[in-house]
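Have a look at upload-v1.cif; it's mmCIF, N, CA and C atoms:
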data_query
#
loop_
_atom_site.label_atom_id
_atom_site.label_comp_id
_atom_site.auth_asym_id
_atom_site.auth_seq_id
_atom_site.Cartn_x
_atom_site.Cartn_y
_atom_site.Cartn_z
N MET A 1 11.84 28.23 28.31
CA MET A 1 12.86 29.12 27.81
C MET A 1 14.21 28.65 28.32
N VAL A 2 15.19 28.79 27.45
CA VAL A 2 16.55 28.38 27.77
C VAL A 2 17.45 29.59 27.62
N LYS A 3 18.33 29.75 28.59
CA LYS A 3 19.29 30.87 28.51
C LYS A 3 20.42 30.46 27.58
N GLY A 4 20.70 31.31 26.61
CA GLY A 4 21.76 31.04 25.65
C GLY A 4 22.98 31.87 25.96
N PRO A 5 23.92 31.91 25.02
CA PRO A 5 25.11 32.74 25.22
C PRO A 5 24.72 34.20 25.45
N PHE A 6 25.47 34.86 26.25
CA PHE A 6 25.26 36.27 26.58
C PHE A 6 23.91 36.49 27.27
N ASN A 7 23.41 35.46 27.98
CA ASN A 7 22.18 35.51 28.75
C ASN A 7 20.95 35.90 27.93
N LYS A 8 20.99 35.66 26.61
CA LYS A 8 19.80 35.90 25.79
C LYS A 8 18.91 34.66 25.88
N GLU A 9 17.62 34.92 25.89
CA GLU A 9 16.69 33.81 25.98
C GLU A 9 16.38 33.27 24.58
N ARG A 10 16.39 31.95 24.49
CA ARG A 10 16.05 31.31 23.22
C ARG A 10 14.87 30.39 23.45
N VAL A 11 14.05 30.29 22.47
CA VAL A 11 12.90 29.40 22.53
C VAL A 11 13.21 28.18 21.69
N HIS A 12 13.13 27.01 22.31
CA HIS A 12 13.32 25.76 21.56
C HIS A 12 11.95 25.24 21.18
N ARG A 13 11.80 24.92 19.95
CA ARG A 13 10.54 24.39 19.46
C ARG A 13 10.74 22.94 19.03
N PHE A 14 9.76 22.13 19.34
CA PHE A 14 9.82 20.72 18.99
C PHE A 14 9.98 20.54 17.48
N GLU A 15 9.35 21.39 16.69
CA GLU A 15 9.39 21.27 15.24
C GLU A 15 10.82 21.37 14.70
N GLN A 16 11.68 22.09 15.40
CA GLN A 16 13.05 22.23 14.94
C GLN A 16 13.79 20.91 15.03
N TRP A 17 13.45 20.09 16.00
CA TRP A 17 14.19 18.85 16.22
C TRP A 17 13.56 17.67 15.50
N ARG A 18 12.28 17.79 15.20
CA ARG A 18 11.59 16.68 14.59
C ARG A 18 12.16 16.43 13.19
N LYS A 19 12.44 15.18 12.90
CA LYS A 19 12.98 14.82 11.60
C LYS A 19 11.85 14.90 10.57
N GLN A 20 12.07 15.64 9.54
CA GLN A 20 11.08 15.75 8.49
C GLN A 20 11.01 14.44 7.72
N LYS A 21 9.81 14.08 7.29
CA LYS A 21 9.62 12.84 6.56
C LYS A 21 10.16 13.03 5.15
N GLU A 22 11.34 12.49 4.90
CA GLU A 22 11.99 12.66 3.62
C GLU A 22 11.73 11.49 2.69
N VAL A 23 11.32 10.37 3.25
CA VAL A 23 11.11 9.16 2.47
C VAL A 23 9.62 8.91 2.32
N GLU A 24 9.20 8.72 1.08
CA GLU A 24 7.79 8.43 0.83
C GLU A 24 7.54 6.97 1.20
N GLU A 25 6.50 6.74 1.96
CA GLU A 25 6.17 5.40 2.40
C GLU A 25 4.80 5.01 1.89
N GLY A 26 4.57 3.73 1.80
CA GLY A 26 3.26 3.23 1.41
C GLY A 26 3.35 2.37 0.17
N GLY A 27 2.21 2.17 -0.45
CA GLY A 27 2.20 1.35 -1.63
C GLY A 27 0.88 1.44 -2.37
N VAL A 28 0.93 0.96 -3.60
CA VAL A 28 -0.24 0.89 -4.46
C VAL A 28 -0.31 -0.52 -5.03
N VAL A 29 -1.48 -1.12 -4.98
CA VAL A 29 -1.71 -2.43 -5.57
C VAL A 29 -2.74 -2.26 -6.67
N ARG A 30 -2.38 -2.67 -7.89
CA ARG A 30 -3.30 -2.61 -9.02
C ARG A 30 -3.70 -4.03 -9.39
N ILE A 31 -5.00 -4.30 -9.35
CA ILE A 31 -5.52 -5.64 -9.60
C ILE A 31 -6.33 -5.58 -10.88
N SER A 32 -5.98 -6.42 -11.85
CA SER A 32 -6.66 -6.37 -13.14
C SER A 32 -6.77 -7.76 -13.76
N GLY A 33 -7.51 -7.83 -14.86
CA GLY A 33 -7.65 -9.06 -15.61
C GLY A 33 -9.08 -9.55 -15.67
N ASN A 34 -9.33 -10.49 -16.56
CA ASN A 34 -10.67 -11.04 -16.73
C ASN A 34 -11.14 -11.78 -15.49
N PHE A 35 -10.22 -12.36 -14.76
CA PHE A 35 -10.55 -13.10 -13.54
C PHE A 35 -11.27 -12.21 -12.54
N LEU A 36 -10.94 -10.94 -12.55
CA LEU A 36 -11.52 -9.97 -11.62
C LEU A 36 -13.04 -9.84 -11.81
N LEU A 37 -13.51 -10.01 -13.02
CA LEU A 37 -14.94 -9.85 -13.31
C LEU A 37 -15.80 -10.81 -12.49
N ASP A 38 -15.36 -12.06 -12.37
CA ASP A 38 -16.15 -13.07 -11.67
C ASP A 38 -15.82 -13.18 -10.18
N HIS A 39 -14.70 -12.63 -9.77
CA HIS A 39 -14.23 -12.82 -8.39
C HIS A 39 -13.96 -11.52 -7.66
N GLU A 40 -14.60 -10.45 -8.08
CA GLU A 40 -14.33 -9.12 -7.51
C GLU A 40 -14.59 -9.07 -6.00
N GLU A 41 -15.71 -9.60 -5.56
CA GLU A 41 -16.06 -9.54 -4.14
C GLU A 41 -15.06 -10.33 -3.29
N GLU A 42 -14.66 -11.52 -3.77
CA GLU A 42 -13.68 -12.33 -3.04
C GLU A 42 -12.34 -11.60 -2.92
N ILE A 43 -11.93 -10.97 -4.00
CA ILE A 43 -10.64 -10.27 -4.01
C ILE A 43 -10.67 -9.07 -3.07
N ILE A 44 -11.76 -8.32 -3.08
CA ILE A 44 -11.88 -7.17 -2.17
C ILE A 44 -11.87 -7.65 -0.72
N ASN A 45 -12.54 -8.76 -0.44
CA ASN A 45 -12.53 -9.31 0.92
C ASN A 45 -11.12 -9.72 1.35
N LEU A 46 -10.35 -10.30 0.42
CA LEU A 46 -8.97 -10.69 0.73
C LEU A 46 -8.14 -9.45 1.06
N VAL A 47 -8.31 -8.38 0.28
CA VAL A 47 -7.57 -7.14 0.53
C VAL A 47 -7.93 -6.56 1.89
N LYS A 48 -9.23 -6.51 2.19
CA LYS A 48 -9.67 -5.97 3.48
C LYS A 48 -9.16 -6.82 4.64
N HIS A 49 -9.14 -8.14 4.46
CA HIS A 49 -8.65 -9.04 5.52
C HIS A 49 -7.17 -8.78 5.79
N GLN A 50 -6.37 -8.66 4.73
CA GLN A 50 -4.94 -8.36 4.91
C GLN A 50 -4.75 -7.02 5.61
N GLY A 51 -5.62 -6.04 5.29
CA GLY A 51 -5.55 -4.73 5.94
C GLY A 51 -5.85 -4.84 7.43
N LYS A 52 -6.85 -5.65 7.79
CA LYS A 52 -7.20 -5.82 9.21
C LYS A 52 -6.08 -6.51 9.97
N LEU A 53 -5.46 -7.53 9.36
CA LEU A 53 -4.35 -8.21 10.02
C LEU A 53 -3.18 -7.25 10.28
N ALA A 54 -2.87 -6.43 9.29
CA ALA A 54 -1.77 -5.47 9.44
C ALA A 54 -2.10 -4.42 10.49
N GLU A 55 -3.35 -3.98 10.52
CA GLU A 55 -3.76 -2.94 11.48
C GLU A 55 -3.73 -3.46 12.92
N GLN A 56 -3.97 -4.76 13.09
CA GLN A 56 -3.90 -5.35 14.44
C GLN A 56 -2.47 -5.32 14.97
N LYS A 57 -1.49 -5.51 14.08
CA LYS A 57 -0.09 -5.48 14.48
C LYS A 57 0.41 -4.05 14.70
N ASN A 58 -0.03 -3.15 13.81
CA ASN A 58 0.40 -1.75 13.91
C ASN A 58 -0.73 -0.87 13.36
N PRO A 59 -1.36 -0.06 14.20
CA PRO A 59 -2.49 0.77 13.75
C PRO A 59 -2.16 1.73 12.60
N ASP A 60 -0.89 2.02 12.39
CA ASP A 60 -0.51 2.92 11.30
C ASP A 60 -0.49 2.21 9.95
N HIS A 61 -0.45 0.89 9.95
CA HIS A 61 -0.40 0.11 8.71
C HIS A 61 -1.81 -0.32 8.34
N ARG A 62 -2.35 0.30 7.30
CA ARG A 62 -3.73 -0.02 6.93
C ARG A 62 -3.98 0.26 5.46
N VAL A 63 -5.10 -0.25 4.99
CA VAL A 63 -5.57 0.03 3.64
C VAL A 63 -6.23 1.40 3.68
N LEU A 64 -5.74 2.32 2.88
CA LEU A 64 -6.26 3.69 2.88
C LEU A 64 -7.45 3.85 1.95
N LYS A 65 -7.38 3.18 0.80
CA LYS A 65 -8.42 3.39 -0.19
C LYS A 65 -8.51 2.18 -1.12
N ILE A 66 -9.74 1.81 -1.48
CA ILE A 66 -9.98 0.79 -2.50
C ILE A 66 -10.90 1.43 -3.53
N GLU A 67 -10.41 1.54 -4.77
CA GLU A 67 -11.18 2.18 -5.83
C GLU A 67 -11.29 1.27 -7.04
N LYS A 68 -12.41 1.35 -7.71
CA LYS A 68 -12.59 0.67 -8.98
C LYS A 68 -12.42 1.71 -10.07
N GLU A 69 -11.50 1.46 -11.00
CA GLU A 69 -11.31 2.40 -12.10
C GLU A 69 -10.84 1.66 -13.34
N GLN A 70 -11.44 1.97 -14.46
CA GLN A 70 -11.07 1.43 -15.76
C GLN A 70 -10.97 -0.10 -15.76
N GLY A 71 -11.93 -0.76 -15.16
CA GLY A 71 -11.97 -2.22 -15.17
C GLY A 71 -10.95 -2.89 -14.26
N ARG A 72 -10.40 -2.16 -13.33
CA ARG A 72 -9.46 -2.74 -12.37
C ARG A 72 -9.72 -2.17 -10.99
N ILE A 73 -9.06 -2.75 -10.00
CA ILE A 73 -9.16 -2.27 -8.63
C ILE A 73 -7.81 -1.70 -8.24
N VAL A 74 -7.81 -0.52 -7.64
CA VAL A 74 -6.58 0.11 -7.17
C VAL A 74 -6.68 0.26 -5.66
N VAL A 75 -5.68 -0.28 -4.95
CA VAL A 75 -5.64 -0.25 -3.49
C VAL A 75 -4.45 0.59 -3.07
N GLU A 76 -4.68 1.55 -2.18
CA GLU A 76 -3.60 2.35 -1.62
C GLU A 76 -3.39 1.95 -0.17
N THR A 77 -2.13 1.75 0.21
CA THR A 77 -1.80 1.35 1.57
C THR A 77 -0.86 2.36 2.21
N SER A 78 -0.86 2.37 3.54
CA SER A 78 0.01 3.30 4.27
C SER A 78 1.41 2.72 4.49
N ASP A 79 1.58 1.44 4.18
CA ASP A 79 2.86 0.76 4.43
C ASP A 79 3.25 -0.07 3.22
N HIS A 80 4.50 -0.01 2.83
CA HIS A 80 4.95 -0.77 1.66
C HIS A 80 4.88 -2.27 1.90
N ASN A 81 5.13 -2.71 3.13
CA ASN A 81 5.06 -4.14 3.43
C ASN A 81 3.64 -4.68 3.29
N LEU A 82 2.65 -3.87 3.63
CA LEU A 82 1.26 -4.30 3.48
C LEU A 82 0.92 -4.47 2.00
N ALA A 83 1.36 -3.56 1.16
CA ALA A 83 1.12 -3.70 -0.28
C ALA A 83 1.75 -4.98 -0.81
N MET A 84 2.95 -5.29 -0.36
CA MET A 84 3.61 -6.53 -0.78
C MET A 84 2.86 -7.75 -0.26
N ARG A 85 2.38 -7.71 0.98
CA ARG A 85 1.61 -8.84 1.52
C ARG A 85 0.32 -9.07 0.75
N ILE A 86 -0.33 -8.00 0.34
CA ILE A 86 -1.56 -8.14 -0.45
C ILE A 86 -1.23 -8.80 -1.79
N GLY A 87 -0.17 -8.36 -2.44
CA GLY A 87 0.25 -8.97 -3.70
C GLY A 87 0.56 -10.45 -3.55
N LYS A 88 1.27 -10.81 -2.49
CA LYS A 88 1.61 -12.22 -2.25
C LYS A 88 0.38 -13.03 -1.91
N ALA A 89 -0.55 -12.45 -1.15
CA ALA A 89 -1.78 -13.17 -0.79
C ALA A 89 -2.63 -13.42 -2.03
N LEU A 90 -2.68 -12.45 -2.94
CA LEU A 90 -3.41 -12.65 -4.19
C LEU A 90 -2.77 -13.78 -5.00
N TRP A 91 -1.47 -13.79 -5.07
CA TRP A 91 -0.78 -14.83 -5.84
C TRP A 91 -1.00 -16.21 -5.22
N HIS A 92 -0.90 -16.30 -3.89
CA HIS A 92 -1.11 -17.59 -3.23
C HIS A 92 -2.54 -18.09 -3.39
N ALA A 93 -3.49 -17.20 -3.37
CA ALA A 93 -4.90 -17.59 -3.45
C ALA A 93 -5.34 -17.89 -4.88
N TYR A 94 -4.86 -17.08 -5.85
CA TYR A 94 -5.41 -17.16 -7.20
C TYR A 94 -4.36 -17.33 -8.30
N ARG A 95 -3.09 -17.37 -7.93
CA ARG A 95 -1.98 -17.39 -8.89
C ARG A 95 -2.02 -16.13 -9.74
N GLY A 96 -1.81 -16.23 -11.02
CA GLY A 96 -1.77 -15.04 -11.87
C GLY A 96 -0.36 -14.47 -11.94
N LYS A 97 -0.23 -13.33 -12.59
CA LYS A 97 1.07 -12.66 -12.74
C LYS A 97 1.15 -11.53 -11.72
N HIS A 98 2.29 -11.40 -11.09
CA HIS A 98 2.47 -10.28 -10.18
C HIS A 98 3.86 -9.69 -10.36
N GLU A 99 3.93 -8.38 -10.21
CA GLU A 99 5.18 -7.66 -10.40
C GLU A 99 5.30 -6.59 -9.32
N TYR A 100 6.50 -6.44 -8.79
CA TYR A 100 6.77 -5.46 -7.73
C TYR A 100 7.75 -4.43 -8.26
N LYS A 101 7.40 -3.15 -8.12
CA LYS A 101 8.28 -2.06 -8.55
C LYS A 101 8.60 -1.21 -7.33
N PHE A 102 9.88 -1.10 -7.04
CA PHE A 102 10.34 -0.32 -5.90
C PHE A 102 10.96 0.98 -6.40
N LEU A 103 10.66 2.07 -5.74
CA LEU A 103 11.27 3.35 -6.07
C LEU A 103 12.60 3.45 -5.33
N ALA A 104 13.65 3.82 -6.03
CA ALA A 104 14.98 3.91 -5.44
C ALA A 104 15.00 4.91 -4.29
N GLY A 105 15.49 4.49 -3.15
CA GLY A 105 15.62 5.37 -1.99
C GLY A 105 14.31 5.65 -1.27
N GLU A 106 13.25 4.99 -1.65
CA GLU A 106 11.94 5.22 -1.03
C GLU A 106 11.43 3.93 -0.41
N LYS A 107 10.55 4.06 0.53
CA LYS A 107 9.84 2.91 1.09
C LYS A 107 8.45 2.88 0.47
N PHE A 108 8.43 2.79 -0.84
CA PHE A 108 7.18 2.81 -1.59
C PHE A 108 7.27 1.70 -2.63
N VAL A 109 6.19 0.95 -2.78
CA VAL A 109 6.17 -0.14 -3.76
C VAL A 109 4.89 -0.08 -4.57
N GLU A 110 5.01 -0.40 -5.84
CA GLU A 110 3.86 -0.55 -6.72
C GLU A 110 3.75 -2.03 -7.05
N VAL A 111 2.58 -2.60 -6.77
CA VAL A 111 2.34 -4.01 -7.04
C VAL A 111 1.28 -4.12 -8.13
N ASP A 112 1.63 -4.83 -9.20
CA ASP A 112 0.67 -5.09 -10.27
C ASP A 112 0.36 -6.58 -10.27
N TRP A 113 -0.91 -6.92 -10.08
CA TRP A 113 -1.35 -8.32 -10.11
C TRP A 113 -2.40 -8.45 -11.20
N GLN A 114 -2.24 -9.50 -12.01
CA GLN A 114 -3.16 -9.69 -13.13
C GLN A 114 -3.37 -11.17 -13.37
N ARG A 115 -4.61 -11.50 -13.68
CA ARG A 115 -4.92 -12.87 -14.09
C ARG A 115 -5.97 -12.79 -15.19
N ASP A 116 -5.58 -13.27 -16.36
CA ASP A 116 -6.48 -13.32 -17.51
C ASP A 116 -6.77 -14.77 -17.83
N ASP A 117 -7.96 -15.21 -17.51
CA ASP A 117 -8.39 -16.54 -17.89
C ASP A 117 -9.12 -16.44 -19.22
N ILE A 118 -9.02 -17.48 -20.00
CA ILE A 118 -9.75 -17.50 -21.27
C ILE A 118 -11.22 -17.71 -20.97
N ILE A 119 -12.03 -16.79 -21.42
CA ILE A 119 -13.47 -16.90 -21.23
C ILE A 119 -14.03 -17.73 -22.38
N GLU A 120 -14.84 -18.73 -22.02
CA GLU A 120 -15.39 -19.61 -23.05
C GLU A 120 -16.16 -18.81 -24.07
N GLY A 121 -15.95 -19.17 -25.35
CA GLY A 121 -16.64 -18.48 -26.43
C GLY A 121 -15.86 -17.28 -26.95
N LYS A 122 -14.80 -16.86 -26.24
CA LYS A 122 -13.97 -15.74 -26.67
C LYS A 122 -12.54 -16.19 -26.77
N LYS A 123 -11.84 -15.63 -27.69
CA LYS A 123 -10.42 -15.95 -27.83
C LYS A 123 -9.60 -14.70 -27.72
#
Have the structure of the file written as structure tokens, please.
Amino acid sequence: MVKGPFNKERVHRFEQWRKQKEVEEGGVVRISGNFLLDHEEEIINLVKHQGKLAEQKNPDHRVLKIEKEQGRIVVETSDHNLAMRIGKALWHAYRGKHEYKFLAGEKFVEVDWQRDDIIEGKK
């Protein structure tokens, strides 16, 4: 308890001073394309490896979720830099197309990575 003006007691609470999280942080990586069909396990291992490397540097930076939906893989991360590193690692390992979308004023990134190889017998 702290004595305030006129000897009234005031209670200071930590919550009053704590800065509210105003900026959304994290990222989403969407992995798609025909290449994914034959290399799904390798790609998931690459994503998990990047998550482990990031977590070793900072326990708060990690892969939150890996989901398969509608013929693609969606990865959610707790840190925007990790999402970008996953996108770059995919590009370095397998090439393909990658695109980064940043939300204005936020520490959030959407990474779209795609590689469509021509499958023999199909055009």
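The environment of segment 31-42 of chain A within 7 Å, counting all atoms listed in the file and disregarding residues fewer than 5 places along the same chain, consists of A:Val47, A:Gly71, A:Arg72, A:Ile73, A:Val74, A:Val75, A:Val111, A:Asp112, A:Trp113, A:Gln114, A:Arg115, A:Asp116, A:Asp117.
Among the candidates A:Gly27, A:Pro59, A:Gly51, A:Gly96, the residue lying nearest to Ser78 of chain A is A:Gly27 (atoms considered: all atoms listed in the file).
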Return the single residue from A:Glu69, A:Val28, A:Leu82, A:His92 that is closest to Ala54 of chain A, with distances computed using only N, CA and C atoms.
-> A:Leu82
In Å, how far is it from atom C of Lys52 of chain A to atom CA of Ala104 of chain A?
->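 So the two atoms, atom C of Lys52 of chain A and atom CA of Ala104 of chain A, lie 28.1 Å apart.
Note that atom CA of Gly87 of chain A and atom N of Glu110 of chain A are 10.0 Å apart.
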What are the DSSP strand (DSSP E) residues of segment 9-118 of chain A, as an NGL selection string?
-> :A and (9-10 or 25-32 or 63-69 or 72-77 or 97-102 or 107-114)
Could you pull out the residues in segment 17-109 of chain A that DSSP calls helix (DSSP H, G or I) from the backbone, as a ChimeraX atom specification?
-> /A:17,35-57,80-94
Separation of atom CA of His49 of chain A from atom CA of Arg85 of chain A in Å =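 Rounded to one decimal, the two atoms are 11.0 Å apart.
Distances from A:Ala93, A:Val109, A:Gly26, A:Ile43 to Val63 of chain A were compared using only C-alpha atoms, and the smallest one belongs to A:Gly26.
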Ref. answer, residues at most 6 Å from (-5.6, 5.8, 1.5) with only C-alpha atoms, as a ChimeraX atom specification | /A:64-65,76-77
Kindly save the residues from that selection, with N, CA and C atoms included, as a short mmCIF file (atom, residue, chain, number, x, y, z; two decimals), keeping the file's coordinate frame.
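See part_24.cif below for the written result:
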data_model
loop_
_atom_site.label_atom_id
_atom_site.label_comp_id
_atom_site.auth_asym_id
_atom_site.auth_seq_id
_atom_site.Cartn_x
_atom_site.Cartn_y
_atom_site.Cartn_z
N LEU A 64 -5.74 2.32 2.88
CA LEU A 64 -6.26 3.69 2.88
C LEU A 64 -7.45 3.85 1.95
N LYS A 65 -7.38 3.18 0.80
CA LYS A 65 -8.42 3.39 -0.19
C LYS A 65 -8.51 2.18 -1.12
N GLU A 76 -4.68 1.55 -2.18
CA GLU A 76 -3.60 2.35 -1.62
C GLU A 76 -3.39 1.95 -0.17
N THR A 77 -2.13 1.75 0.21
CA THR A 77 -1.80 1.35 1.57
C THR A 77 -0.86 2.36 2.21
#
Would you mind telling me which residue in A:Lys68, A:Leu53, A:Arg30, A:Asn58 lies nearest to Leu90 of chain A when using only C-alpha atoms?
->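 Going through A:Lys68, A:Leu53, A:Arg30, A:Asn58 one by one, the smallest distance to Leu90 of chain A is for A:Arg30.
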